[in-house]
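Here is data06.cif, consisting of mmCIF, N, CA, C and O atoms:
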```cif
data_data
#
loop_
_atom_site.label_atom_id
_atom_site.label_comp_id
_atom_site.auth_asym_id
_atom_site.auth_seq_id
_atom_site.Cartn_x
_atom_site.Cartn_y
_atom_site.Cartn_z
N MET A 1 -84.22 73.11 -69.70
CA MET A 1 -83.49 73.76 -68.64
C MET A 1 -82.35 72.87 -68.14
O MET A 1 -81.27 73.36 -67.89
N MET A 2 -82.55 71.58 -67.99
CA MET A 2 -81.51 70.68 -67.52
C MET A 2 -80.64 70.18 -68.66
O MET A 2 -79.66 69.51 -68.42
N GLY A 3 -80.96 70.47 -69.85
CA GLY A 3 -80.22 69.96 -70.99
C GLY A 3 -78.77 70.38 -70.99
O GLY A 3 -77.88 69.61 -71.31
N ASN A 4 -78.48 71.60 -70.64
CA ASN A 4 -77.11 72.09 -70.64
C ASN A 4 -76.32 71.64 -69.42
O ASN A 4 -75.12 71.49 -69.46
N ALA A 5 -76.97 71.44 -68.30
CA ALA A 5 -76.30 71.08 -67.06
C ALA A 5 -75.94 69.60 -67.01
O ALA A 5 -75.08 69.20 -66.25
N MET A 6 -76.57 68.78 -67.79
CA MET A 6 -76.31 67.34 -67.76
C MET A 6 -74.90 67.01 -68.24
O MET A 6 -74.36 65.98 -67.86
N GLY A 7 -74.31 67.85 -69.01
CA GLY A 7 -72.96 67.60 -69.48
C GLY A 7 -71.93 67.70 -68.36
O GLY A 7 -70.83 67.18 -68.48
N TRP A 8 -72.26 68.34 -67.27
CA TRP A 8 -71.34 68.52 -66.16
C TRP A 8 -71.55 67.50 -65.03
O TRP A 8 -70.84 67.53 -64.04
N MET A 9 -72.47 66.60 -65.18
CA MET A 9 -72.75 65.63 -64.12
C MET A 9 -71.60 64.65 -63.90
O MET A 9 -71.47 64.09 -62.83
N TRP A 10 -70.75 64.45 -64.88
CA TRP A 10 -69.62 63.52 -64.75
C TRP A 10 -68.55 64.04 -63.80
O TRP A 10 -67.73 63.30 -63.30
N ILE A 11 -68.58 65.36 -63.53
CA ILE A 11 -67.51 65.95 -62.74
C ILE A 11 -67.58 65.54 -61.26
O ILE A 11 -66.56 65.42 -60.61
N TRP A 12 -68.78 65.28 -60.72
CA TRP A 12 -68.89 64.92 -59.31
C TRP A 12 -68.26 63.57 -59.01
O TRP A 12 -67.51 63.45 -58.03
N PRO A 13 -68.49 62.53 -59.78
CA PRO A 13 -67.76 61.29 -59.51
C PRO A 13 -66.25 61.45 -59.70
O PRO A 13 -65.46 60.85 -58.97
N ALA A 14 -65.83 62.27 -60.64
CA ALA A 14 -64.41 62.50 -60.86
C ALA A 14 -63.79 63.24 -59.67
O ALA A 14 -62.69 62.90 -59.23
N VAL A 15 -64.50 64.22 -59.12
CA VAL A 15 -64.00 64.96 -57.96
C VAL A 15 -63.89 64.02 -56.76
O VAL A 15 -62.90 64.04 -56.03
N ILE A 16 -64.90 63.19 -56.55
CA ILE A 16 -64.86 62.24 -55.44
C ILE A 16 -63.72 61.25 -55.63
O ILE A 16 -62.96 60.96 -54.70
N PHE A 17 -63.55 60.72 -56.83
CA PHE A 17 -62.49 59.77 -57.11
C PHE A 17 -61.11 60.38 -56.86
O PHE A 17 -60.27 59.79 -56.18
N PHE A 18 -60.86 61.55 -57.41
CA PHE A 18 -59.56 62.18 -57.21
C PHE A 18 -59.34 62.62 -55.77
O PHE A 18 -58.22 62.59 -55.27
N GLY A 19 -60.41 63.01 -55.09
CA GLY A 19 -60.29 63.34 -53.67
C GLY A 19 -59.88 62.13 -52.85
O GLY A 19 -59.01 62.21 -51.98
N LEU A 20 -60.51 60.98 -53.12
CA LEU A 20 -60.14 59.75 -52.43
C LEU A 20 -58.72 59.33 -52.79
O LEU A 20 -57.99 58.81 -51.95
N LEU A 21 -58.33 59.54 -54.02
CA LEU A 21 -56.97 59.22 -54.45
C LEU A 21 -55.94 60.07 -53.69
O LEU A 21 -54.93 59.55 -53.21
N VAL A 22 -56.21 61.34 -53.54
CA VAL A 22 -55.31 62.24 -52.81
C VAL A 22 -55.27 61.85 -51.33
O VAL A 22 -54.19 61.80 -50.73
N LEU A 23 -56.43 61.56 -50.74
CA LEU A 23 -56.46 61.15 -49.34
C LEU A 23 -55.71 59.85 -49.12
O LEU A 23 -55.00 59.68 -48.13
N GLY A 24 -55.84 58.91 -50.04
CA GLY A 24 -55.11 57.65 -49.94
C GLY A 24 -53.61 57.87 -50.03
O GLY A 24 -52.84 57.26 -49.29
N PHE A 25 -53.19 58.73 -50.93
CA PHE A 25 -51.77 59.04 -51.07
C PHE A 25 -51.23 59.70 -49.80
O PHE A 25 -50.15 59.35 -49.32
N LEU A 26 -51.98 60.63 -49.25
CA LEU A 26 -51.55 61.28 -48.02
C LEU A 26 -51.48 60.29 -46.86
O LEU A 26 -50.55 60.33 -46.06
N ALA A 27 -52.45 59.40 -46.77
CA ALA A 27 -52.43 58.38 -45.72
C ALA A 27 -51.21 57.48 -45.87
O ALA A 27 -50.57 57.11 -44.88
N LEU A 28 -50.89 57.12 -47.09
CA LEU A 28 -49.71 56.29 -47.33
C LEU A 28 -48.44 57.00 -46.91
O LEU A 28 -47.57 56.42 -46.26
N MET A 29 -48.31 58.27 -47.24
CA MET A 29 -47.12 59.03 -46.89
C MET A 29 -47.01 59.22 -45.38
O MET A 29 -45.92 59.13 -44.82
N VAL A 30 -48.13 59.47 -44.72
CA VAL A 30 -48.10 59.67 -43.27
C VAL A 30 -47.71 58.38 -42.57
O VAL A 30 -46.88 58.39 -41.66
N THR A 31 -48.29 57.27 -42.98
CA THR A 31 -47.98 56.00 -42.30
C THR A 31 -46.57 55.53 -42.60
O THR A 31 -45.96 54.86 -41.79
N ARG A 32 -46.04 55.87 -43.73
CA ARG A 32 -44.71 55.40 -44.09
C ARG A 32 -43.61 56.29 -43.53
O ARG A 32 -42.56 55.80 -43.13
N TYR A 33 -43.81 57.58 -43.50
CA TYR A 33 -42.73 58.50 -43.15
C TYR A 33 -42.95 59.31 -41.88
O TYR A 33 -42.17 60.18 -41.56
N TRP A 34 -44.01 59.04 -41.13
CA TRP A 34 -44.28 59.80 -39.91
C TRP A 34 -43.26 59.41 -38.85
O TRP A 34 -43.05 58.24 -38.58
N PRO A 35 -42.61 60.37 -38.21
CA PRO A 35 -41.57 60.04 -37.22
C PRO A 35 -42.17 59.66 -35.86
O PRO A 35 -42.12 60.42 -34.91
N ASP A 36 -42.75 58.47 -35.77
CA ASP A 36 -43.38 58.05 -34.52
C ASP A 36 -42.49 57.14 -33.71
O ASP A 36 -42.90 56.67 -32.65
N GLY A 37 -41.32 56.83 -34.18
CA GLY A 37 -40.39 56.03 -33.43
C GLY A 37 -40.56 54.53 -33.60
O GLY A 37 -39.82 53.77 -33.01
N THR A 38 -41.54 54.08 -34.37
CA THR A 38 -41.73 52.65 -34.51
C THR A 38 -40.83 52.05 -35.57
O THR A 38 -40.52 50.88 -35.51
N VAL A 39 -40.44 52.84 -36.53
CA VAL A 39 -39.56 52.33 -37.58
C VAL A 39 -38.12 52.54 -37.13
O VAL A 39 -37.72 53.66 -36.83
N THR A 40 -37.38 51.47 -37.08
CA THR A 40 -35.98 51.59 -36.68
C THR A 40 -35.11 51.44 -37.91
O THR A 40 -35.33 50.58 -38.74
N THR A 41 -34.15 52.30 -37.99
CA THR A 41 -33.21 52.21 -39.10
C THR A 41 -31.94 51.54 -38.60
O THR A 41 -31.52 51.77 -37.46
N PRO A 42 -31.34 50.71 -39.42
CA PRO A 42 -30.12 50.04 -38.97
C PRO A 42 -28.99 51.04 -38.79
O PRO A 42 -28.81 51.96 -39.58
N ARG A 43 -28.26 50.86 -37.72
CA ARG A 43 -27.13 51.74 -37.46
C ARG A 43 -25.89 51.16 -38.11
O ARG A 43 -25.58 49.99 -37.92
N PRO A 44 -25.16 51.94 -38.89
CA PRO A 44 -24.00 51.41 -39.60
C PRO A 44 -22.85 51.02 -38.68
O PRO A 44 -22.03 50.19 -39.02
N ASP A 45 -22.79 51.60 -37.47
CA ASP A 45 -21.69 51.29 -36.57
C ASP A 45 -21.96 50.06 -35.72
O ASP A 45 -21.13 49.67 -34.91
N ARG A 46 -23.11 49.44 -35.90
CA ARG A 46 -23.49 48.28 -35.11
C ARG A 46 -23.61 47.04 -35.98
O ARG A 46 -24.22 47.08 -37.03
N SER A 47 -23.07 45.95 -35.49
CA SER A 47 -23.18 44.70 -36.24
C SER A 47 -24.55 44.07 -35.97
O SER A 47 -25.19 44.38 -34.96
N PRO A 48 -24.99 43.20 -36.86
CA PRO A 48 -26.27 42.52 -36.63
C PRO A 48 -26.25 41.70 -35.34
O PRO A 48 -27.26 41.60 -34.65
N ALA A 49 -25.10 41.13 -34.99
CA ALA A 49 -25.00 40.35 -33.76
C ALA A 49 -25.23 41.23 -32.53
O ALA A 49 -25.90 40.83 -31.58
N ARG A 50 -24.70 42.44 -32.56
CA ARG A 50 -24.89 43.37 -31.45
C ARG A 50 -26.35 43.78 -31.33
O ARG A 50 -26.90 43.90 -30.23
N THR A 51 -27.00 43.98 -32.46
CA THR A 51 -28.41 44.34 -32.45
C THR A 51 -29.24 43.22 -31.84
O THR A 51 -30.13 43.47 -31.02
N ILE A 52 -28.96 41.98 -32.23
CA ILE A 52 -29.69 40.84 -31.68
C ILE A 52 -29.43 40.71 -30.18
O ILE A 52 -30.35 40.46 -29.39
N LEU A 53 -28.18 40.91 -29.76
CA LEU A 53 -27.84 40.85 -28.35
C LEU A 53 -28.60 41.92 -27.56
O LEU A 53 -29.16 41.64 -26.50
N ASP A 54 -28.65 43.13 -28.09
CA ASP A 54 -29.38 44.21 -27.43
C ASP A 54 -30.87 43.88 -27.32
O ASP A 54 -31.50 44.15 -26.30
N GLU A 55 -31.44 43.32 -28.38
CA GLU A 55 -32.85 42.97 -28.36
C GLU A 55 -33.14 41.87 -27.34
O GLU A 55 -34.14 41.93 -26.62
N ARG A 56 -32.27 40.88 -27.26
CA ARG A 56 -32.46 39.80 -26.28
C ARG A 56 -32.37 40.34 -24.86
O ARG A 56 -33.12 39.94 -23.98
N TYR A 57 -31.44 41.26 -24.62
CA TYR A 57 -31.31 41.88 -23.31
C TYR A 57 -32.54 42.71 -22.96
O TYR A 57 -33.05 42.66 -21.84
N ALA A 58 -33.04 43.44 -23.95
CA ALA A 58 -34.22 44.28 -23.72
C ALA A 58 -35.46 43.43 -23.42
O ALA A 58 -36.31 43.83 -22.63
N ARG A 59 -35.56 42.24 -24.04
CA ARG A 59 -36.70 41.37 -23.78
C ARG A 59 -36.56 40.59 -22.47
O ARG A 59 -37.49 39.94 -22.04
N GLY A 60 -35.37 40.64 -21.86
CA GLY A 60 -35.15 39.95 -20.61
C GLY A 60 -34.74 38.50 -20.76
O GLY A 60 -34.78 37.74 -19.80
N GLU A 61 -34.31 38.12 -21.96
CA GLU A 61 -33.91 36.74 -22.19
C GLU A 61 -32.55 36.44 -21.56
O GLU A 61 -32.26 35.29 -21.24
N ILE A 62 -31.70 37.46 -21.42
CA ILE A 62 -30.39 37.28 -20.80
C ILE A 62 -30.23 38.31 -19.69
O ILE A 62 -30.84 39.38 -19.73
N ASP A 63 -29.41 38.00 -18.70
CA ASP A 63 -29.21 38.92 -17.58
C ASP A 63 -28.03 39.86 -17.86
O ASP A 63 -27.38 39.78 -18.90
N ASP A 64 -27.78 40.74 -16.88
CA ASP A 64 -26.72 41.75 -17.04
C ASP A 64 -25.35 41.12 -17.27
O ASP A 64 -24.59 41.55 -18.13
N GLU A 65 -25.03 40.12 -16.46
CA GLU A 65 -23.71 39.50 -16.54
C GLU A 65 -23.48 38.85 -17.91
O GLU A 65 -22.43 39.05 -18.53
N GLU A 66 -24.47 38.11 -18.38
CA GLU A 66 -24.32 37.45 -19.68
C GLU A 66 -24.25 38.48 -20.80
O GLU A 66 -23.50 38.32 -21.76
N TYR A 67 -25.05 39.55 -20.68
CA TYR A 67 -25.03 40.61 -21.69
C TYR A 67 -23.64 41.23 -21.79
O TYR A 67 -23.09 41.38 -22.88
N ARG A 68 -23.05 41.59 -20.67
CA ARG A 68 -21.72 42.21 -20.68
C ARG A 68 -20.67 41.25 -21.22
O ARG A 68 -19.78 41.64 -21.97
N ARG A 69 -20.77 39.97 -20.83
CA ARG A 69 -19.79 38.99 -21.30
C ARG A 69 -19.88 38.82 -22.81
O ARG A 69 -18.86 38.86 -23.51
N ARG A 70 -21.08 38.67 -23.32
CA ARG A 70 -21.25 38.47 -24.77
C ARG A 70 -20.89 39.72 -25.55
O ARG A 70 -20.37 39.65 -26.66
N LYS A 71 -21.20 40.87 -24.98
CA LYS A 71 -20.86 42.12 -25.66
C LYS A 71 -19.35 42.28 -25.77
O LYS A 71 -18.84 42.75 -26.78
N GLY A 72 -18.63 41.84 -24.74
CA GLY A 72 -17.17 41.90 -24.77
C GLY A 72 -16.55 40.95 -25.79
O GLY A 72 -15.45 41.18 -26.29
N GLU A 73 -17.26 39.88 -26.13
CA GLU A 73 -16.76 38.91 -27.10
C GLU A 73 -17.00 39.34 -28.54
O GLU A 73 -16.38 38.79 -29.45
N LEU A 74 -17.91 40.27 -28.74
CA LEU A 74 -18.20 40.70 -30.11
C LEU A 74 -17.08 41.59 -30.66
O LEU A 74 -16.45 42.32 -29.92
N PRO A 75 -16.86 41.50 -31.97
CA PRO A 75 -15.81 42.35 -32.58
C PRO A 75 -16.18 43.82 -32.59
O PRO A 75 -17.27 44.23 -32.56
#
```
Would you mind giving the structure from this file in structure tokens?
Amino acid sequence: MMGNAMGWMWIWPAVIFFGLLVLGFLALMVTRYWPDGTVTTPRPDRSPARTILDERYARGEIDDEEYRRRKGELP
């Protein structure tokens, strides 16, 4: 009775393996491309110096006056 069904026993590990493979791929795509705002893309109209200046201002390393002065000196 079980002789014919034993040939299909390999399918369950294969289904589990491919299911985990699909779930892993989906998790990778969600974490890489989900628009959660944590990934910042460089803006082409901004120089790297301006980006660093903005980050320093946001962290509170420089005050308003110094920020405006340095921003005015940038090209």
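Taking atom C of A:Glu61 and atom O of A:Ala49 as the two end points, the separation is 12.8 Å.
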Separating atom CA of A:Ala58 from atom CA of A:Lys71, to the nearest tenth of an Å, is a gap of 13.7 Å
For stretch 63-71 of chain A, what centre and edge lengths in Å (one decimal) does the axis-aligned box get once 8 Å is added on each side of all its listed atoms, as lines of an AutoDock Vina configuration file?
```
center_x = -24.1
center_y = 40.1
center_z = -21.6
size_x = 26.6
size_y = 21.3
size_z = 26.3
```
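With atom C of A:Tyr67 on one side and atom C of A:Asp45 on the other, the separation reads 16.6 Å.
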